[in-house]
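*Asks:* Contents are mmCIF, C-alpha atoms; file name input.cif:
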```cif
data_start
loop_
_atom_site.label_atom_id
_atom_site.label_comp_id
_atom_site.auth_asym_id
_atom_site.auth_seq_id
_atom_site.Cartn_x
_atom_site.Cartn_y
_atom_site.Cartn_z
CA MET A 93 0.28 -1.87 10.59
CA LYS A 94 1.14 -4.07 7.65
CA LEU A 95 3.67 -3.45 4.92
CA ASN A 96 2.79 -3.60 1.27
CA ARG A 97 4.68 -3.21 -2.03
CA VAL A 98 1.72 -3.10 -4.40
CA THR A 99 -1.84 -4.03 -3.53
CA ALA A 100 -4.32 -4.75 -6.28
CA LEU A 101 -5.47 -8.37 -6.16
CA SER A 102 -8.27 -10.02 -4.22
CA LEU A 103 -6.47 -12.57 -2.03
CA SER A 104 -6.31 -11.16 1.47
CA LEU A 105 -2.68 -12.07 2.00
CA VAL A 106 -1.60 -10.81 -1.38
CA LEU A 107 -3.48 -7.63 -0.64
CA ALA A 108 -1.73 -7.43 2.68
CA PHE A 109 1.68 -7.68 1.09
CA SER A 110 2.09 -7.41 -2.67
CA LEU A 111 5.83 -7.38 -3.09
CA ALA A 112 7.73 -7.60 -6.33
CA ALA A 113 9.27 -10.95 -6.93
CA CYS A 114 9.17 -14.27 -8.67
CA GLY A 115 11.34 -17.31 -8.27
CA GLN A 116 13.44 -18.25 -11.21
CA GLY A 117 13.39 -21.89 -10.13
CA ALA A 118 16.49 -22.48 -12.19
CA SER A 119 18.74 -25.36 -11.19
CA SER A 120 22.38 -24.59 -10.46
CA ALA A 121 23.18 -27.36 -12.94
CA SER A 122 21.50 -25.51 -15.83
CA SER A 123 23.61 -25.05 -18.92
CA ALA A 124 24.86 -21.64 -20.03
CA SER A 125 22.40 -21.62 -22.91
CA SER A 126 19.51 -22.39 -20.56
CA SER A 127 20.60 -19.55 -18.27
CA SER A 128 20.76 -17.20 -21.23
CA ALA A 129 17.29 -18.19 -22.36
CA SER A 130 16.02 -17.80 -18.84
CA SER A 131 17.52 -14.32 -18.59
CA ALA A 132 16.01 -13.31 -21.90
CA ALA A 133 12.61 -14.51 -20.76
CA ALA A 134 12.93 -12.53 -17.53
CA GLU A 135 13.91 -9.40 -19.44
CA SER A 136 10.84 -9.73 -21.64
CA LYS A 137 8.49 -9.74 -18.67
CA THR A 138 6.67 -6.61 -17.63
CA GLU A 139 6.58 -5.29 -14.09
CA GLU A 140 2.95 -6.40 -13.84
CA GLN A 141 3.91 -9.97 -14.77
CA LEU A 142 6.69 -10.02 -12.21
CA LEU A 143 4.34 -8.68 -9.55
CA ALA A 144 1.83 -11.40 -10.40
CA GLU A 145 4.50 -14.08 -10.02
CA GLU A 146 5.47 -12.56 -6.69
CA ASN A 147 1.89 -12.67 -5.52
CA GLU A 148 1.79 -16.35 -6.43
CA ILE A 149 4.79 -16.97 -4.18
CA LEU A 150 3.07 -15.35 -1.23
CA SER A 151 -0.34 -16.92 -1.77
CA ALA A 152 1.22 -20.41 -2.03
CA ASN A 153 2.33 -20.12 1.60
CA ASP A 154 -0.17 -17.54 2.82
CA ALA A 155 -0.70 -19.07 6.28
CA LEU A 156 3.03 -18.94 7.02
CA TRP A 157 3.44 -15.39 5.74
CA GLU A 158 0.40 -14.16 7.63
CA LYS A 159 2.07 -15.46 10.79
CA VAL A 160 5.24 -13.54 9.93
CA PHE A 161 3.32 -10.36 9.12
CA SER A 162 1.29 -10.45 12.32
CA SER A 163 4.52 -10.54 14.33
CA MET A 164 6.26 -7.73 12.47
CA ASP A 165 7.63 -4.69 14.24
CA LYS A 166 5.16 -1.87 13.73
CA ASN A 167 7.90 0.77 13.66
CA VAL A 168 8.44 1.52 9.97
CA THR A 169 11.34 3.75 9.04
CA GLU A 170 12.42 5.42 5.81
CA THR A 171 15.23 2.85 5.61
CA THR A 172 12.67 0.06 5.80
CA LEU A 173 10.59 1.60 3.05
CA SER A 174 13.51 2.13 0.69
CA THR A 175 15.26 -1.21 1.15
CA ASN A 176 14.85 -4.21 -1.14
CA TYR A 177 11.65 -5.80 0.12
CA GLY A 178 13.11 -9.27 -0.12
CA ASP A 179 15.86 -8.27 2.31
CA PHE A 180 13.24 -6.79 4.61
CA LEU A 181 11.27 -10.04 4.54
CA LEU A 182 14.39 -12.09 5.19
CA SER A 183 15.01 -9.98 8.28
CA ALA A 184 11.39 -10.40 9.40
CA VAL A 185 11.59 -14.17 8.96
CA GLU A 186 14.82 -14.32 10.90
CA LYS A 187 13.26 -12.42 13.80
CA THR A 188 10.32 -14.82 13.95
CA LYS A 189 12.13 -18.08 13.15
CA ASP A 190 11.41 -19.54 16.60
CA GLN A 191 7.72 -19.72 15.65
CA PHE A 192 8.38 -22.08 12.75
CA SER A 193 9.66 -25.58 12.16
CA ASP A 194 12.94 -26.00 10.29
CA GLU A 195 11.05 -26.86 7.10
CA GLU A 196 8.75 -23.85 7.42
CA TYR A 197 11.72 -21.57 8.06
CA LYS A 198 13.44 -22.87 4.91
CA THR A 199 10.27 -22.30 2.89
CA LEU A 200 9.90 -18.71 4.08
CA THR A 201 13.57 -17.97 3.51
CA ALA A 202 13.40 -19.36 -0.02
CA ASP A 203 10.31 -17.25 -0.76
CA ALA A 204 11.99 -14.09 0.51
CA GLU A 205 15.11 -14.78 -1.56
CA LYS A 206 12.97 -15.16 -4.69
CA ILE A 207 11.26 -11.89 -3.88
CA ARG A 208 14.62 -10.20 -3.43
CA ASP A 209 15.71 -11.43 -6.87
CA ILE A 210 12.58 -10.07 -8.52
CA GLU A 211 12.90 -6.73 -6.74
CA ASN A 212 16.27 -6.48 -8.48
CA GLN A 213 14.72 -7.49 -11.81
CA ILE A 214 12.05 -4.83 -11.53
CA ALA A 215 14.58 -2.18 -10.60
CA ALA A 216 16.60 -3.13 -13.67
CA LEU A 217 13.60 -3.03 -16.01
CA ALA A 218 13.12 0.71 -15.87
CA PRO A 219 15.21 2.46 -13.23
CA ALA A 220 14.00 5.86 -14.37
CA ASP A 221 10.37 4.84 -14.05
CA ALA A 222 11.05 3.27 -10.68
CA ALA A 223 12.66 6.46 -9.45
CA ALA A 224 9.75 8.52 -10.74
CA SER A 225 7.26 6.18 -9.11
CA SER A 226 9.11 6.36 -5.79
CA ALA A 227 9.24 10.13 -6.04
CA ALA A 228 5.49 10.22 -6.63
CA ALA A 229 4.79 8.47 -3.35
CA GLN A 230 7.09 10.90 -1.57
CA GLY A 231 6.03 13.92 -3.60
CA THR A 232 4.25 17.08 -2.61
CA ALA A 233 1.00 16.81 -4.55
CA PHE A 234 -1.64 14.20 -5.26
CA PRO A 235 -1.59 13.27 -8.97
CA GLN A 236 -4.43 14.27 -11.26
CA PHE A 237 -7.14 11.63 -11.50
CA GLU A 238 -10.68 10.84 -12.57
CA GLY A 239 -12.52 8.12 -10.74
CA SER A 240 -15.62 7.26 -8.74
CA ASP A 241 -16.78 6.80 -5.19
CA LEU A 242 -18.03 3.40 -4.06
CA GLU A 243 -21.56 4.34 -5.11
CA GLY A 244 -20.44 5.03 -8.67
CA ASN A 245 -20.52 8.83 -8.49
CA PRO A 246 -17.76 10.53 -10.50
CA VAL A 247 -14.92 12.18 -8.59
CA ASP A 248 -11.67 13.94 -9.50
CA ASN A 249 -9.06 16.28 -8.06
CA SER A 250 -11.65 19.00 -7.56
CA LEU A 251 -12.53 17.30 -4.27
CA PHE A 252 -9.42 18.92 -2.77
CA ALA A 253 -10.45 22.39 -3.89
CA GLY A 254 -13.80 21.94 -2.17
CA ASN A 255 -12.19 21.41 1.24
CA ALA A 256 -9.94 23.50 3.47
CA PHE A 257 -8.04 20.25 3.90
CA THR A 258 -8.56 16.60 3.03
CA VAL A 259 -7.48 13.65 5.14
CA VAL A 260 -6.78 10.73 2.79
CA ASN A 261 -6.54 7.28 4.34
CA PHE A 262 -5.05 4.39 2.33
CA TRP A 263 -6.28 0.95 3.35
CA PHE A 264 -7.38 -2.46 2.11
CA ASN A 265 -9.90 -5.09 3.15
CA GLY A 266 -7.43 -7.67 4.45
CA CYS A 267 -5.63 -5.22 6.73
CA LYS A 268 -6.94 -5.66 10.29
CA PRO A 269 -5.45 -2.41 11.66
CA CYS A 270 -7.02 -0.59 8.70
CA VAL A 271 -10.46 -2.01 9.43
CA GLU A 272 -10.14 -1.40 13.16
CA GLU A 273 -9.78 2.35 12.67
CA LEU A 274 -12.70 2.83 10.25
CA ASP A 275 -15.05 3.98 13.00
CA ASP A 276 -12.39 6.38 14.34
CA LEU A 277 -11.97 7.81 10.85
CA ASN A 278 -15.71 8.23 10.59
CA ALA A 279 -15.76 10.12 13.90
CA LEU A 280 -12.88 12.26 12.65
CA ASN A 281 -14.79 13.01 9.48
CA GLU A 282 -17.78 14.26 11.48
CA LYS A 283 -15.45 16.47 13.53
CA VAL A 284 -13.53 18.01 10.64
CA LYS A 285 -16.65 18.79 8.64
CA ALA A 286 -17.17 21.77 10.94
CA GLN A 287 -13.66 22.95 10.03
CA GLY A 288 -14.25 22.68 6.31
CA GLY A 289 -12.37 19.41 6.04
CA GLU A 290 -13.17 15.90 4.86
CA VAL A 291 -11.89 12.37 5.36
CA VAL A 292 -11.58 10.33 2.16
CA GLY A 293 -10.67 6.66 1.99
CA ILE A 294 -8.78 4.95 -0.83
CA ASN A 295 -9.03 1.18 -0.62
CA THR A 296 -6.42 -0.35 -2.92
CA GLU A 297 -8.59 -3.42 -3.48
CA THR A 298 -11.19 -1.24 -5.19
CA LEU A 299 -8.85 0.20 -7.83
CA ASP A 300 -10.02 -0.24 -11.42
CA GLY A 301 -13.57 -0.55 -10.10
CA SER A 302 -13.11 -4.12 -8.85
CA GLN A 303 -16.63 -5.15 -7.90
CA GLN A 304 -15.41 -7.82 -5.52
CA GLY A 305 -13.19 -5.32 -3.73
CA ILE A 306 -15.88 -2.64 -3.69
CA GLU A 307 -18.54 -4.92 -2.24
CA ALA A 308 -16.17 -6.19 0.45
CA ALA A 309 -15.12 -2.63 1.32
CA LYS A 310 -18.72 -1.44 1.54
CA LYS A 311 -19.60 -4.29 3.92
CA LEU A 312 -16.65 -3.47 6.17
CA LEU A 313 -17.48 0.23 6.19
CA ALA A 314 -21.13 -0.50 7.01
CA ALA A 315 -20.16 -2.90 9.80
CA LYS A 316 -18.03 -0.20 11.39
CA GLY A 317 -20.67 2.50 10.89
CA ALA A 318 -18.37 4.45 8.57
CA SER A 319 -20.11 6.59 5.98
CA TYR A 320 -17.34 8.92 4.83
CA ARG A 321 -16.49 8.95 1.16
CA ASN A 322 -14.24 6.26 -0.32
CA ILE A 323 -12.98 6.59 -3.87
CA TYR A 324 -11.09 4.64 -6.52
CA PHE A 325 -9.46 5.21 -9.88
CA ALA A 326 -7.42 3.29 -12.45
CA SER A 327 -4.44 1.43 -11.01
CA GLY A 328 -2.36 2.38 -14.05
CA SER A 329 -2.94 6.10 -13.61
CA GLU A 330 -0.46 8.35 -11.81
CA ALA A 331 -2.85 8.41 -8.85
CA GLY A 332 -2.98 4.62 -8.98
CA LYS A 333 0.81 4.45 -8.90
CA PHE A 334 0.81 6.80 -5.93
CA ALA A 335 -1.62 4.54 -4.06
CA LEU A 336 0.19 1.33 -5.00
CA ASN A 337 3.52 2.78 -3.92
CA ILE A 338 2.26 3.12 -0.36
CA MET A 339 4.33 0.65 1.61
CA ALA A 340 2.67 0.76 5.03
CA PHE A 341 -1.00 0.26 5.77
CA PRO A 342 -2.85 2.09 7.04
CA THR A 343 -1.19 5.32 5.88
CA THR A 344 -2.91 8.68 6.21
CA TYR A 345 -2.02 11.91 4.42
CA VAL A 346 -3.31 15.46 4.85
CA PHE A 347 -3.68 17.51 1.66
CA ASP A 348 -4.42 21.22 1.35
CA ARG A 349 -6.95 22.85 -0.96
CA ASP A 350 -4.50 22.63 -3.86
CA GLY A 351 -3.90 18.92 -3.34
CA ASN A 352 -0.46 19.45 -1.81
CA VAL A 353 0.80 17.28 1.04
CA VAL A 354 0.86 18.94 4.45
CA GLY A 355 3.37 17.52 6.93
CA GLN A 356 4.57 13.94 6.96
CA PRO A 357 2.27 10.99 6.18
CA LEU A 358 1.08 9.08 9.23
CA LEU A 359 2.01 5.40 9.31
CA GLY A 360 -0.40 3.46 11.52
CA GLY A 361 -3.93 3.75 12.82
CA ILE A 362 -5.41 6.84 14.44
CA ASP A 363 -7.01 4.60 17.05
CA LYS A 364 -3.71 5.11 18.87
CA GLU A 365 -3.49 8.39 20.77
CA GLU A 366 -0.01 9.36 19.60
CA ASN A 367 -0.94 8.79 15.97
CA LEU A 368 -4.11 10.84 16.27
CA ALA A 369 -2.06 13.66 17.83
CA ALA A 370 0.38 13.55 14.91
CA LEU A 371 -2.48 13.66 12.43
CA GLN A 372 -4.10 16.57 14.25
CA LYS A 373 -0.82 18.48 13.99
CA ASN A 374 -0.96 18.13 10.19
CA ILE A 375 -4.63 19.17 10.16
CA ASP A 376 -3.84 22.27 12.23
CA ALA A 377 -1.03 23.16 9.82
CA ALA A 378 -3.38 22.76 6.85
CA LEU A 379 -5.99 25.00 8.49
CA ALA A 380 -3.41 27.66 9.25
CA LYS A 381 -2.21 27.51 5.64
CA ASP A 382 -5.75 27.83 4.34
CA SER A 383 -6.67 30.76 6.58
CA ALA A 384 -3.52 32.61 5.50
CA LYS A 385 -4.65 32.69 1.88
#
```
Before anything else, please render the file you have as structure tokens.

*Replies:*
Amino acid sequence: MKLNRVTALSLSLVLAFSLAACGQGASSASSASSSSASSAAAESKTEEQLLAEENEILSANDALWEKVFSSMDKNVTETTLSTNYGDFLLSAVEKTKDQFSDEEYKTLTADAEKIRDIENQIAALAPADAAASSAAAQGTAFPQFEGSDLEGNPVDNSLFAGNAFTVVNFWFNGCKPCVEELDDLNALNEKVKAQGGEVVGINTETLDGSQQGIEAAKKLLAAKGASYRNIYFASGSEAGKFALNIMAFPTTYVFDRDGNVVGQPLLGGIDKEENLAALQKNIDAALAKDSAK
């Protein structure tokens, strides 16, 4: 499983981990007036601009970060998800420092510190919005949306009403664990059809109808023999914010007929027996809820 702050760009590493940071690059010898101007400039930046700068930090040293990410502990906790992502990365770098030269270690540490600074900047931009966005990802219902499947057919929240339950899997093209479970998800989809359920994929690289992301996703799905429905919508919509607030990939939710979350989201692939069992528990709960209506 890989961790992710926001995933919306095409670079595989950036898509694996979009964080929220940008290095100020200011010298400690800067004058007070320069610092003031720098602060004003930072305050005038939008969250999207800060995220883009953060992505630039990661992509500049993508080979090093990919090595860190591949060695990360797969056990993600609520504390991990709520902490400043820069601090989380600093911890991850520290745990893997033996794999890097002194210069590489310094580079990774500097990157993580920049990311930590920008996480703080983003939190200060609009704390109320940040809280609302965090609540959305931990909320009880999937936000209203209008979008399309990967073939261009329109789709909206009515998809939930058409199923006794819907298994929604969040993934992206550059996430190896995500891709590895596509065939298992397809098999699950065939199984739950008989129960009135459906598996739906949401690939964060396809948001906003990105043709590059869509074509890459379709190739991966075809290669794994996966034909279940995958959908996308606008990244700036409430549904988009929900998807981009997912911090662990793959993550799989179960929703009832009203679009409400059933049980706890599953962090990790269902190709692992214990994860599949946890998902099945949520499916069983959704079926029981539906039959009780």

*Asks:* Taking the file as shown, what set of residues would the PyMOL selection byres ((chain A and resi 238) around 10) give back, as number ranges by chain?

*Replies:* A: 236-237, 239-240, 246-250, 323-326, 329, 331

*Asks:* Would you mind telling me which residue in A:Lys373, A:Gly288, A:Leu299, A:Glu307 lies nearest to A:Ala253 when using all atoms listed in the file?

*Replies:*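 Of all the options, A:Gly288 lies closest to A:Ala253.
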
*Asks:* Which residue, A:Lys310, A:Asp363, A:Lys198, A:Thr298, has the smallest gap to A:Leu280 when you use only C-alpha atoms?

*Replies:*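 Between A:Lys310, A:Asp363, A:Lys198, A:Thr298, the residue approaching A:Leu280 most closely is A:Asp363.
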
*Asks:* With distances taken over all atoms listed in the file, which of A:Ala216, A:Ala384, A:Ala308, A:Val354 is nearest to A:Ala370?

*Replies:* A:Val354

*Asks:* Using the chain letters and numbers from this file, what does the PyMOL selection byres ((chain A and resi 355) around 12) select? Give the answer as a PyMOL selection string.

*Replies:* chain A and resi 230-233+259+344-348+352-354+356-358+370-378+381

*Asks:* Just the number, please: distance in Å from atom CA of A:Gly317 to atom CA of A:Asn265, one decimal.

*Replies:*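 Separating atom CA of A:Gly317 from atom CA of A:Asn265 is a distance of 15.3 Å.
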
*Asks:* Which of these, A:Asp300, A:Glu195, A:Asp203, A:Asp179, has the shortest distance to A:Asn153 once you count all atoms listed in the file?

*Replies:*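 Result for the nearest residue to A:Asn153: A:Asp203.
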
*Asks:* With the file shown as input, list the residues that the PyMOL selection byres ((chain A and resi 335) around 8) selects, as a ChimeraX atom specification.

*Replies:* /A:229,262,294,296,331-334,336-338

*Asks:* In the coordinates of the file, take the point (-2.7, 5.3, 5.9) and a cut-off of 6 Å; then, counting only C-alpha atoms, name each qualifying protein, DNA or RNA residue as a list in words.

*Replies:*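 Checked against the point, the hits come out as Asn261, Phe262, Phe341, Pro342, Thr343, Thr344 and Leu359 of chain A.
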
*Asks:* Between atom CA of A:Asn176 and atom CA of A:Arg208, what is the distance in Å, rounded to a tenth?

*Replies:* 6.4 Å

*Asks:* Of the candidates A:Lys159, A:Ser302, A:Phe180, A:Thr138, which shows the shortest atom-to-atom distance to A:Gly244, using all atoms listed in the file?

*Replies:*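 The answer is A:Ser302, which sits nearest to A:Gly244.
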
*Asks:* Could you state the separation of atom CA of A:Leu312 and atom CA of A:Ala184 in Å, given to one decimal place?

*Replies:*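 Taking atom CA of A:Leu312 as the start and atom CA of A:Ala184 as the end point, the length is 29.1 Å.
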
*Asks:* For a quick check of understanding, using all atoms listed in the file, which of A:Val185, A:Leu277, A:Leu242, A:Leu251 has the smallest distance to A:Gln303?

*Replies:* A:Leu242
